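> Here's a structure for you.
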Amino acid sequence: MNEQITGGLFKRMILHGAAAITAQKQAINDLNVFPVPDGDTGTNMSMTIGAAVTELRKSEPAALDQAVSITASALLRGARGNSGVILSLLFRGLSKGLKGLETAGTADFASAMQEGVSSAYKAVMKPAEGTVLTVSRLAAKRAAECAAEEADFEKVLEAAIQEGYEALAQTTDMNPVLKKAGVVDAGGKGYLLILEGMLAELRGEPMPEAIEEEPQKAKADFDVFSTEEITFAFDTVFIVRKNDPNVDLEPFRTYLNSIGDSLVIGEDDEAFKVHVHTNIPGSALTEGQKYGTLELAKIENMRTQYEDVAAGKKVQSVDDLEMDEAEAAGSVESIHIVAPPEKKYGFLSVCAGDGLAAVFQDLGVDGVVSGGQTMNPSTESILEGVDRIPAETVFILPNNGNIIMAAQQCAALTEKNVVVIPSKTVPQGITAMMNVDFEAPDAETLMGTMTESLSGVTTAQITYAARDSDFDGFDIKAGDYLALEEGKLFGTNGSLRSLLEKLAANAADRGASFISLYFGEDVKEEDAQAAGKLFEDACPGAEVMVLSGGQPVYYYIISME
């Protein structure tokens, strides 16, 4: 029987809750209404609470308020997707409700749970019932009712979870989209799994083991690529012991950026670790030695590794020298630079694919955060991008409806003025940048102009079905091509050309004058040009452009204006 929760116990409860949702994340992903291979709710929630696990493992909080504060702060910065942001808000309110308490009884804890629900509802612009909000609200309400008569945490949490599952079952009927698909709310299910893990810790049950799942994406066809497409061949990782604990590594960062890409530098007072892709790894090591003593190095040729994969061979790797980024985060903190303002406005875009990133940069974007479908960036990742831009006001283009909330959290974490343009697709983001007046008198005017432009573009996307589904009258089979228009299912077919023809006819019906096709990493140039010809034939008066986006998951992202 547990009548008080200490900091140490709460830490163990969070670790157990994280293990519980991680073990079941794919089952939560499968509740997604659309069968598209996106970065789903289970993935986002497990990665979000995983950020708290990382921070909690660095400390031994004796006081409860310290443990909850560490958890809430890590969740806020590590939040991914809307579900991750809401999860962070639930724990932020919990932290507020338990502030100043070294331990807590059931009444205090249940009251803090309700504070968390209040925080989540206030932060969501249009809170919808039949979601995790409903599940968490009713679970917290039941916890408070039980805590008024019960001092045993196990019984209180058990009652809350039982009520939560009853509410979860009702989400199917409360939300028309869920009802049509015949599933419960994925975020609500994920939240209850975390609570179940926390309860299991109180009961002394063993943690579930993490299950490594195979990616749902079909295996890539390596014949489409060649080793020449690898610009920087050598994956180079090394650690340098500093000569001076206060050494400025920014000149070194600038140098490494000039000879390669995919750069990550982390440091603490004693050492720094570098990861970079370059064609001259020796030069990178030599330059690094100007800042200290080289301790460890790993260099792998990605071209030969590619050839091994293409030939079905085991990839050679110096695994005994490998340090993954998760380990680095535990001992070598990432450099977070806040650039002083040098101009009035700056722009940050979120997208996946080198081609799309180049388009945004050509339009005047100062920074690009990699992410979108399959991997929603965390609030921390977006924040780092914001702080690196030397501007007073930074406009963020999320370009994905599931990233907007994570971007909005940055405003409270930086001294810069942050404005989030609610772009839900890449074409919307591109259109917003094309309408930027860099000499606008104030941020509010510019925000209005950019936001207003979003309605002028229609977005279509073609991907594949990650699983069998019967949705909105469509009998979808795993592996079928799926076409989406403005986020809604437009059609499904075993023929990619058939879907392109239907989208081209739809563009003609809309009277589209400007059409851009951004083709993904799995599409050949000649196939993309053929797709563009379909749109030219269907819309003879329109200007049609075919551009390499390089995006994963989506074969085509199509902009129609």
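Following the order of the structure tokens, first chain is A, next is B, and so on, with residues numbered from 1 inside each chain and ligands from 1 in the order they appear.
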Could you list, with a cut-off of 12 Å and counting only C-alpha atoms, the residues of segment 403-513 of chain A near segment 337-347 of chain A, each shown with its nearest atom pair and the distance in Å rounded to one decimal, rows sorted by chain and ascending number, as a Markdown table?


```
| residue | atom | partner | partner_atom | distance |
| --- | --- | --- | --- | --- |
| A:Leu413 | CA | A:Val338 | CA | 11.6 |
| A:Thr414 | CA | A:Val338 | CA | 8.8 |
| A:Glu415 | CA | A:Val338 | CA | 9.2 |
| A:Lys416 | CA | A:Pro341 | CA | 8.6 |
| A:Asn417 | CA | A:Tyr345 | CA | 9.6 |
| A:Val418 | CA | A:Gly346 | CA | 9.6 |
| A:Val419 | CA | A:Phe347 | CA | 9.5 |
| A:Val420 | CA | A:Phe347 | CA | 10.0 |
| A:Ile421 | CA | A:Phe347 | CA | 10.3 |
| A:Gly429 | CA | A:Phe347 | CA | 10.8 |
| A:Ile430 | CA | A:Phe347 | CA | 11.7 |
| A:Ala432 | CA | A:Phe347 | CA | 10.8 |
| A:Met433 | CA | A:Phe347 | CA | 8.7 |
| A:Val436 | CA | A:Phe347 | CA | 10.0 |
| A:Asp437 | CA | A:Tyr345 | CA | 10.0 |
| A:Phe438 | CA | A:Tyr345 | CA | 7.3 |
| A:Glu439 | CA | A:Lys344 | CA | 8.9 |
| A:Ala440 | CA | A:Tyr345 | CA | 9.2 |
| A:Pro441 | CA | A:Lys344 | CA | 9.8 |
| A:Asp442 | CA | A:Lys344 | CA | 8.9 |
| A:Ala443 | CA | A:Tyr345 | CA | 7.8 |
| A:Glu444 | CA | A:Tyr345 | CA | 11.5 |
| A:Leu446 | CA | A:Tyr345 | CA | 9.6 |
| A:Met447 | CA | A:Tyr345 | CA | 11.0 |
| A:Met450 | CA | A:Phe347 | CA | 11.7 |
```

> For Glu60 of chain A, please output as a PyMOL selection string all residues within 8 Å (counting only C-alpha atoms; exclusion window: fewer than 4 positions along the same chain).

chain A and resi 7-8+56

> Show me, as a PyMOL selection string, the residues that have an atom within 9 Å of segment 95-111 of chain A when counting only C-alpha atoms, minus same-chain residues fewer than 4 positions from it.

chain A and resi 2-7+62-72+90-91+115-116+140-153+156-157

> Could you pull the residues within 9 Å of segment 365-368 of chain A, counting only C-alpha atoms, minus those fewer than 2 positions along the same chain, as a PyMOL selection string?

chain A and resi 346-351+357+359-363+370+385-386+388-390+433

> Counting only C-alpha atoms, which residue out of A:Tyr121, A:Tyr556, A:Phe519, A:Tyr464 sits closest to Ala478 of chain A?

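With only C-alpha atoms as the atom set, the closest residue is A:Tyr464.
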
> Show me, as a ChimeraX atom specification, the residues that have an atom within 12 Å of Ser88 of chain A when counting only C-alpha atoms, minus same-chain residues fewer than 6 positions from it.

/A:44-52,68-82,94-95,116-117,119-120,123,191,378-379,405-406,409
